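Colleague: My structure is stored as data_13.tsv, with TSV, N, CA and C atoms.
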```tsv
chain	number	residue	atom	x	y	z
A	176	MET	N	9.81	0.82	-6.17
A	176	MET	CA	8.40	1.21	-6.19
A	176	MET	C	8.24	2.64	-6.68
A	177	PHE	N	9.13	3.53	-6.22
A	177	PHE	CA	9.07	4.94	-6.63
A	177	PHE	C	9.14	5.06	-8.14
A	178	LEU	N	10.10	4.35	-8.75
A	178	LEU	CA	10.27	4.44	-10.21
A	178	LEU	C	9.08	3.85	-10.96
A	179	VAL	N	8.47	2.81	-10.40
A	179	VAL	CA	7.28	2.21	-11.02
A	179	VAL	C	6.14	3.21	-11.00
A	180	LEU	N	5.91	3.83	-9.84
A	180	LEU	CA	4.85	4.84	-9.74
A	180	LEU	C	5.12	6.01	-10.67
A	181	LYS	N	6.35	6.46	-10.72
A	181	LYS	CA	6.72	7.58	-11.58
A	181	LYS	C	6.42	7.26	-13.06
A	182	LYS	N	6.71	6.03	-13.45
A	182	LYS	CA	6.44	5.62	-14.83
A	182	LYS	C	4.94	5.57	-15.10
A	183	ILE	N	4.17	5.06	-14.15
A	183	ILE	CA	2.71	4.94	-14.31
A	183	ILE	C	2.06	6.32	-14.43
A	184	ILE	N	2.46	7.26	-13.57
A	184	ILE	CA	1.80	8.57	-13.57
A	184	ILE	C	2.31	9.49	-14.66
A	185	GLY	N	3.52	9.26	-15.15
A	185	GLY	CA	4.05	10.10	-16.23
A	185	GLY	C	3.99	11.57	-15.88
A	186	SER	N	3.46	12.36	-16.78
A	186	SER	CA	3.39	13.81	-16.58
A	186	SER	C	2.06	14.26	-15.98
A	187	THR	N	1.23	13.30	-15.55
A	187	THR	CA	-0.08	13.65	-14.99
A	187	THR	C	-0.01	14.06	-13.53
A	188	ALA	N	1.16	13.86	-12.89
A	188	ALA	CA	1.30	14.18	-11.47
A	188	ALA	C	2.77	14.33	-11.10
A	189	LYS	N	3.00	14.88	-9.91
A	189	LYS	CA	4.34	14.96	-9.34
A	189	LYS	C	4.36	13.99	-8.16
A	190	ILE	N	5.50	13.34	-7.96
A	190	ILE	CA	5.61	12.37	-6.87
A	190	ILE	C	6.84	12.67	-6.04
A	191	ALA	N	6.70	12.49	-4.74
A	191	ALA	CA	7.82	12.65	-3.82
A	191	ALA	C	7.73	11.56	-2.76
A	192	GLU	N	8.89	11.07	-2.32
A	192	GLU	CA	8.91	10.12	-1.21
A	192	GLU	C	8.68	10.89	0.08
A	193	ASP	N	7.91	10.30	0.99
A	193	ASP	CA	7.54	11.00	2.22
A	193	ASP	C	7.40	10.00	3.36
A	194	TYR	N	8.35	9.97	4.29
A	194	TYR	CA	8.31	9.11	5.47
A	194	TYR	C	8.02	7.64	5.13
A	195	GLY	N	8.70	7.11	4.14
A	195	GLY	CA	8.51	5.71	3.77
A	195	GLY	C	7.35	5.47	2.83
A	196	GLY	N	6.59	6.52	2.53
A	196	GLY	CA	5.48	6.41	1.60
A	196	GLY	C	5.65	7.42	0.48
A	197	TYR	N	4.55	7.84	-0.09
A	197	TYR	CA	4.60	8.72	-1.25
A	197	TYR	C	3.56	9.83	-1.15
A	198	GLU	N	3.93	10.98	-1.68
A	198	GLU	CA	3.01	12.11	-1.81
A	198	GLU	C	2.91	12.39	-3.30
A	199	ILE	N	1.73	12.15	-3.85
A	199	ILE	CA	1.50	12.33	-5.28
A	199	ILE	C	0.55	13.50	-5.46
A	200	THR	N	1.00	14.52	-6.16
A	200	THR	CA	0.18	15.70	-6.44
A	200	THR	C	-0.31	15.60	-7.87
A	201	VAL	N	-1.62	15.44	-8.03
A	201	VAL	CA	-2.22	15.24	-9.35
A	201	VAL	C	-2.32	16.58	-10.08
A	202	ILE	N	-1.80	16.60	-11.30
A	202	ILE	CA	-1.82	17.80	-12.14
A	202	ILE	C	-2.95	17.71	-13.16
A	203	ASP	N	-3.16	16.53	-13.72
A	203	ASP	CA	-4.18	16.32	-14.75
A	203	ASP	C	-5.18	15.27	-14.26
A	204	ASN	N	-6.28	15.72	-13.66
A	204	ASN	CA	-7.27	14.80	-13.08
A	204	ASN	C	-7.86	13.83	-14.09
A	205	GLU	N	-8.05	14.27	-15.31
A	205	GLU	CA	-8.70	13.43	-16.32
A	205	GLU	C	-7.80	12.33	-16.84
A	206	LYS	N	-6.51	12.58	-16.95
A	206	LYS	CA	-5.58	11.60	-17.51
A	206	LYS	C	-4.85	10.79	-16.45
A	207	PHE	N	-4.94	11.20	-15.19
A	207	PHE	CA	-4.24	10.49	-14.13
A	207	PHE	C	-4.77	9.06	-14.02
A	208	PRO	N	-3.88	8.06	-13.96
A	208	PRO	CA	-4.30	6.65	-13.91
A	208	PRO	C	-4.72	6.23	-12.49
A	209	TRP	N	-5.86	6.71	-12.06
A	209	TRP	CA	-6.34	6.50	-10.69
A	209	TRP	C	-6.31	5.03	-10.27
A	210	MET	N	-6.94	4.16	-11.05
A	210	MET	CA	-7.06	2.75	-10.67
A	210	MET	C	-5.69	2.08	-10.60
A	211	ASP	N	-4.81	2.37	-11.54
A	211	ASP	CA	-3.48	1.75	-11.53
A	211	ASP	C	-2.69	2.16	-10.30
A	212	VAL	N	-2.76	3.43	-9.94
A	212	VAL	CA	-2.02	3.94	-8.78
A	212	VAL	C	-2.60	3.35	-7.49
A	213	PHE	N	-3.93	3.43	-7.33
A	213	PHE	CA	-4.54	2.90	-6.11
A	213	PHE	C	-4.30	1.40	-5.98
A	214	SER	N	-4.46	0.67	-7.06
A	214	SER	CA	-4.26	-0.79	-7.02
A	214	SER	C	-2.82	-1.13	-6.62
A	215	LEU	N	-1.85	-0.46	-7.21
A	215	LEU	CA	-0.45	-0.73	-6.91
A	215	LEU	C	-0.15	-0.44	-5.43
A	216	LEU	N	-0.58	0.72	-4.96
A	216	LEU	CA	-0.31	1.09	-3.57
A	216	LEU	C	-1.00	0.14	-2.59
A	217	LEU	N	-2.27	-0.13	-2.79
A	217	LEU	CA	-3.02	-0.98	-1.87
A	217	LEU	C	-2.53	-2.43	-1.92
A	218	ASP	N	-2.26	-2.93	-3.11
A	218	ASP	CA	-1.76	-4.31	-3.25
A	218	ASP	C	-0.35	-4.46	-2.67
A	219	SER	N	0.39	-3.35	-2.54
A	219	SER	CA	1.75	-3.38	-1.98
A	219	SER	C	1.76	-3.12	-0.48
A	220	GLY	N	0.58	-3.06	0.14
A	220	GLY	CA	0.50	-2.92	1.58
A	220	GLY	C	0.56	-1.50	2.11
A	221	PHE	N	0.22	-0.53	1.28
A	221	PHE	CA	0.21	0.86	1.72
A	221	PHE	C	-1.19	1.29	2.13
A	222	GLN	N	-1.27	2.18	3.11
A	222	GLN	CA	-2.52	2.85	3.42
A	222	GLN	C	-2.55	4.10	2.54
A	223	VAL	N	-3.75	4.50	2.11
A	223	VAL	CA	-3.88	5.60	1.15
A	223	VAL	C	-4.90	6.61	1.64
A	224	TRP	N	-4.57	7.90	1.50
A	224	TRP	CA	-5.46	8.99	1.84
A	224	TRP	C	-5.53	9.95	0.67
A	225	ILE	N	-6.64	10.66	0.58
A	225	ILE	CA	-6.83	11.68	-0.44
A	225	ILE	C	-6.99	13.02	0.27
A	226	ASP	N	-6.34	14.04	-0.24
A	226	ASP	CA	-6.42	15.38	0.34
A	226	ASP	C	-6.40	16.39	-0.81
A	227	LYS	N	-6.59	17.64	-0.48
A	227	LYS	CA	-6.52	18.70	-1.48
A	227	LYS	C	-5.61	19.79	-0.96
A	228	LYS	N	-4.67	20.23	-1.79
A	228	LYS	CA	-3.71	21.24	-1.39
A	228	LYS	C	-3.49	22.18	-2.56
A	229	ASN	N	-3.74	23.46	-2.33
A	229	ASN	CA	-3.55	24.47	-3.39
A	229	ASN	C	-4.28	24.09	-4.68
A	230	SER	N	-5.52	23.68	-4.57
A	230	SER	CA	-6.40	23.30	-5.68
A	230	SER	C	-5.97	22.04	-6.42
A	231	HIS	N	-5.01	21.30	-5.90
A	231	HIS	CA	-4.60	20.02	-6.50
A	231	HIS	C	-4.95	18.87	-5.56
A	232	ILE	N	-5.45	17.79	-6.12
A	232	ILE	CA	-5.72	16.59	-5.34
A	232	ILE	C	-4.39	15.92	-5.04
A	233	GLN	N	-4.25	15.46	-3.80
A	233	GLN	CA	-3.05	14.74	-3.40
A	233	GLN	C	-3.42	13.33	-2.96
A	234	VAL	N	-2.61	12.38	-3.39
A	234	VAL	CA	-2.72	11.00	-2.95
A	234	VAL	C	-1.54	10.78	-2.01
A	235	LEU	N	-1.85	10.51	-0.74
A	235	LEU	CA	-0.82	10.31	0.26
A	235	LEU	C	-0.83	8.84	0.67
A	236	SER	N	0.35	8.28	0.86
A	236	SER	CA	0.40	6.88	1.26
A	236	SER	C	1.53	6.66	2.26
A	237	LYS	N	1.36	5.59	3.04
A	237	LYS	CA	2.43	5.16	3.95
A	237	LYS	C	2.30	3.66	4.09
A	238	PRO	N	3.41	2.99	4.40
A	238	PRO	CA	3.34	1.54	4.58
A	238	PRO	C	2.43	1.21	5.76
A	239	GLU	N	1.64	0.17	5.60
A	239	GLU	CA	0.74	-0.26	6.68
A	239	GLU	C	1.56	-0.92	7.78
A	240	VAL	N	1.31	-0.55	9.01
A	240	VAL	CA	2.03	-1.13	10.16
A	240	VAL	C	1.06	-2.03	10.90
A	241	ASN	N	1.48	-3.29	11.04
A	241	ASN	CA	0.61	-4.28	11.72
A	241	ASN	C	1.00	-4.43	13.15
```
Can you turn what I pasted into structure tokens?

Modeller:
Amino acid sequence: MFLVLKKIIGSTAKIAEDYGGYEITVIDNEKFPWMDVFSLLLDSGFQVWIDKKNSHIQVLSKPEVN
């Protein structure tokens, strides 16, 4: 999953694994593939949050626990 996300976001963001989920720091808001990233994460059973850190939007995710 990490490599798939990395390929989708390319150079528009930085990605790191974080507690079983992902922390994606968006670098280029206009070119970032928002729908592709959200669809992949949500369809794969992840919960998703949006935050802002040091003037960059962050997409945070973790596996959904039932």

Colleague: What's the separation between CA of Lys237 (chain A) and CA of Leu217 (chain A), in Å to one decimal place?

Modeller: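 These two atoms are separated by 10.1 Å.
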
Colleague: I want to know what sits within 8 Å of Ala188 (chain A), based on only C-alpha atoms, with residues of the same chain fewer than 4 positions away left out; could you give that as a VMD selection string?

Modeller: chain A and resid 184 199 to 203 207

Colleague: From a DSSP pass on the backbone, collect the residues of chain A flagged as strand (DSSP E) and hand them back as a CSV table (one decimal) with N, CA and C atoms, keeping the file's coordinate frame.

Modeller:
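Below is the file that was written, result-v5.csv:
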```
chain,number,residue,atom,x,y,z
A,188,ALA,N,1.2,13.9,-12.9
A,188,ALA,CA,1.3,14.2,-11.5
A,188,ALA,C,2.8,14.3,-11.1
A,189,LYS,N,3.0,14.9,-9.9
A,189,LYS,CA,4.3,15.0,-9.3
A,189,LYS,C,4.4,14.0,-8.2
A,190,ILE,N,5.5,13.3,-8.0
A,190,ILE,CA,5.6,12.4,-6.9
A,190,ILE,C,6.8,12.7,-6.0
A,191,ALA,N,6.7,12.5,-4.7
A,191,ALA,CA,7.8,12.6,-3.8
A,191,ALA,C,7.7,11.6,-2.8
A,192,GLU,N,8.9,11.1,-2.3
A,192,GLU,CA,8.9,10.1,-1.2
A,192,GLU,C,8.7,10.9,0.1
A,193,ASP,N,7.9,10.3,1.0
A,193,ASP,CA,7.5,11.0,2.2
A,193,ASP,C,7.4,10.0,3.4
A,196,GLY,N,6.6,6.5,2.5
A,196,GLY,CA,5.5,6.4,1.6
A,196,GLY,C,5.6,7.4,0.5
A,197,TYR,N,4.6,7.8,-0.1
A,197,TYR,CA,4.6,8.7,-1.2
A,197,TYR,C,3.6,9.8,-1.2
A,198,GLU,N,3.9,11.0,-1.7
A,198,GLU,CA,3.0,12.1,-1.8
A,198,GLU,C,2.9,12.4,-3.3
A,199,ILE,N,1.7,12.2,-3.8
A,199,ILE,CA,1.5,12.3,-5.3
A,199,ILE,C,0.6,13.5,-5.5
A,200,THR,N,1.0,14.5,-6.2
A,200,THR,CA,0.2,15.7,-6.4
A,200,THR,C,-0.3,15.6,-7.9
A,201,VAL,N,-1.6,15.4,-8.0
A,201,VAL,CA,-2.2,15.2,-9.4
A,201,VAL,C,-2.3,16.6,-10.1
A,221,PHE,N,0.2,-0.5,1.3
A,221,PHE,CA,0.2,0.9,1.7
A,221,PHE,C,-1.2,1.3,2.1
A,222,GLN,N,-1.3,2.2,3.1
A,222,GLN,CA,-2.5,2.8,3.4
A,222,GLN,C,-2.6,4.1,2.5
A,223,VAL,N,-3.8,4.5,2.1
A,223,VAL,CA,-3.9,5.6,1.2
A,223,VAL,C,-4.9,6.6,1.6
A,224,TRP,N,-4.6,7.9,1.5
A,224,TRP,CA,-5.5,9.0,1.8
A,224,TRP,C,-5.5,10.0,0.7
A,225,ILE,N,-6.6,10.7,0.6
A,225,ILE,CA,-6.8,11.7,-0.4
A,225,ILE,C,-7.0,13.0,0.3
A,226,ASP,N,-6.3,14.0,-0.2
A,226,ASP,CA,-6.4,15.4,0.3
A,226,ASP,C,-6.4,16.4,-0.8
A,227,LYS,N,-6.6,17.6,-0.5
A,227,LYS,CA,-6.5,18.7,-1.5
A,227,LYS,C,-5.6,19.8,-1.0
A,228,LYS,N,-4.7,20.2,-1.8
A,228,LYS,CA,-3.7,21.2,-1.4
A,228,LYS,C,-3.5,22.2,-2.6
A,231,HIS,N,-5.0,21.3,-5.9
A,231,HIS,CA,-4.6,20.0,-6.5
A,231,HIS,C,-5.0,18.9,-5.6
A,232,ILE,N,-5.4,17.8,-6.1
A,232,ILE,CA,-5.7,16.6,-5.3
A,232,ILE,C,-4.4,15.9,-5.0
A,233,GLN,N,-4.2,15.5,-3.8
A,233,GLN,CA,-3.0,14.7,-3.4
A,233,GLN,C,-3.4,13.3,-3.0
A,234,VAL,N,-2.6,12.4,-3.4
A,234,VAL,CA,-2.7,11.0,-3.0
A,234,VAL,C,-1.5,10.8,-2.0
A,235,LEU,N,-1.8,10.5,-0.7
A,235,LEU,CA,-0.8,10.3,0.3
A,235,LEU,C,-0.8,8.8,0.7
A,236,SER,N,0.4,8.3,0.9
A,236,SER,CA,0.4,6.9,1.3
A,236,SER,C,1.5,6.7,2.3
A,237,LYS,N,1.4,5.6,3.0
A,237,LYS,CA,2.4,5.2,4.0
A,237,LYS,C,2.3,3.7,4.1
A,238,PRO,N,3.4,3.0,4.4
A,238,PRO,CA,3.3,1.5,4.6
A,238,PRO,C,2.4,1.2,5.8
```

Colleague: So that I can see what lies close to Glu239 (chain A), please list as a ChimeraX atom specification the residues with an atom at most 9 Å from it, counting only C-alpha atoms and leaving out residues fewer than 5 positions away in the same chain.

Modeller: /A:220-222

Colleague: Would you work out the distance separating CA of Ile190 (chain A) from CA of Val212 (chain A), expressed in Å to one decimal?

Modeller: 11.5 Å

Colleague: Just asking: which residues within chain A are helix (DSSP H, G or I) according to DSSP, as a PyMOL selection string?

Modeller: chain A and resi 177-187+209-218

Colleague: Kindly give the distance, in Å, that separates atom N of Ser236 (chain A) and CA of Lys189 (chain A), rounded to a single decimal.

Modeller: 12.8 Å

Colleague: Which one is closest to Asp218 (chain A): A:Pro238, A:Tyr197, A:Leu178, A:Ser186? Count only C-alpha atoms.

Modeller: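 Closest to Asp218 (chain A) of all the choices is A:Pro238.
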
Colleague: For Leu235 (chain A), please output as an mmCIF file with N, CA and C atoms, keeping the file's coordinate frame all residues within 6 Å (counting only C-alpha atoms; exclusion window: fewer than 2 positions along the same chain).

Modeller:
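Contents of around-v3.cif, as written:
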```
data_model
loop_
_atom_site.group_PDB
_atom_site.id
_atom_site.type_symbol
_atom_site.label_atom_id
_atom_site.label_comp_id
_atom_site.auth_asym_id
_atom_site.auth_seq_id
_atom_site.Cartn_x
_atom_site.Cartn_y
_atom_site.Cartn_z
ATOM 1 N N TYR A 197 4.550 7.840 -0.090
ATOM 2 C CA TYR A 197 4.600 8.720 -1.250
ATOM 3 C C TYR A 197 3.560 9.830 -1.150
ATOM 4 N N GLU A 198 3.930 10.980 -1.680
ATOM 5 C CA GLU A 198 3.010 12.110 -1.810
ATOM 6 C C GLU A 198 2.910 12.390 -3.300
ATOM 7 N N VAL A 223 -3.750 4.500 2.110
ATOM 8 C CA VAL A 223 -3.880 5.600 1.150
ATOM 9 C C VAL A 223 -4.900 6.610 1.640
ATOM 10 N N TRP A 224 -4.570 7.900 1.500
ATOM 11 C CA TRP A 224 -5.460 8.990 1.840
ATOM 12 C C TRP A 224 -5.530 9.950 0.670
#
```
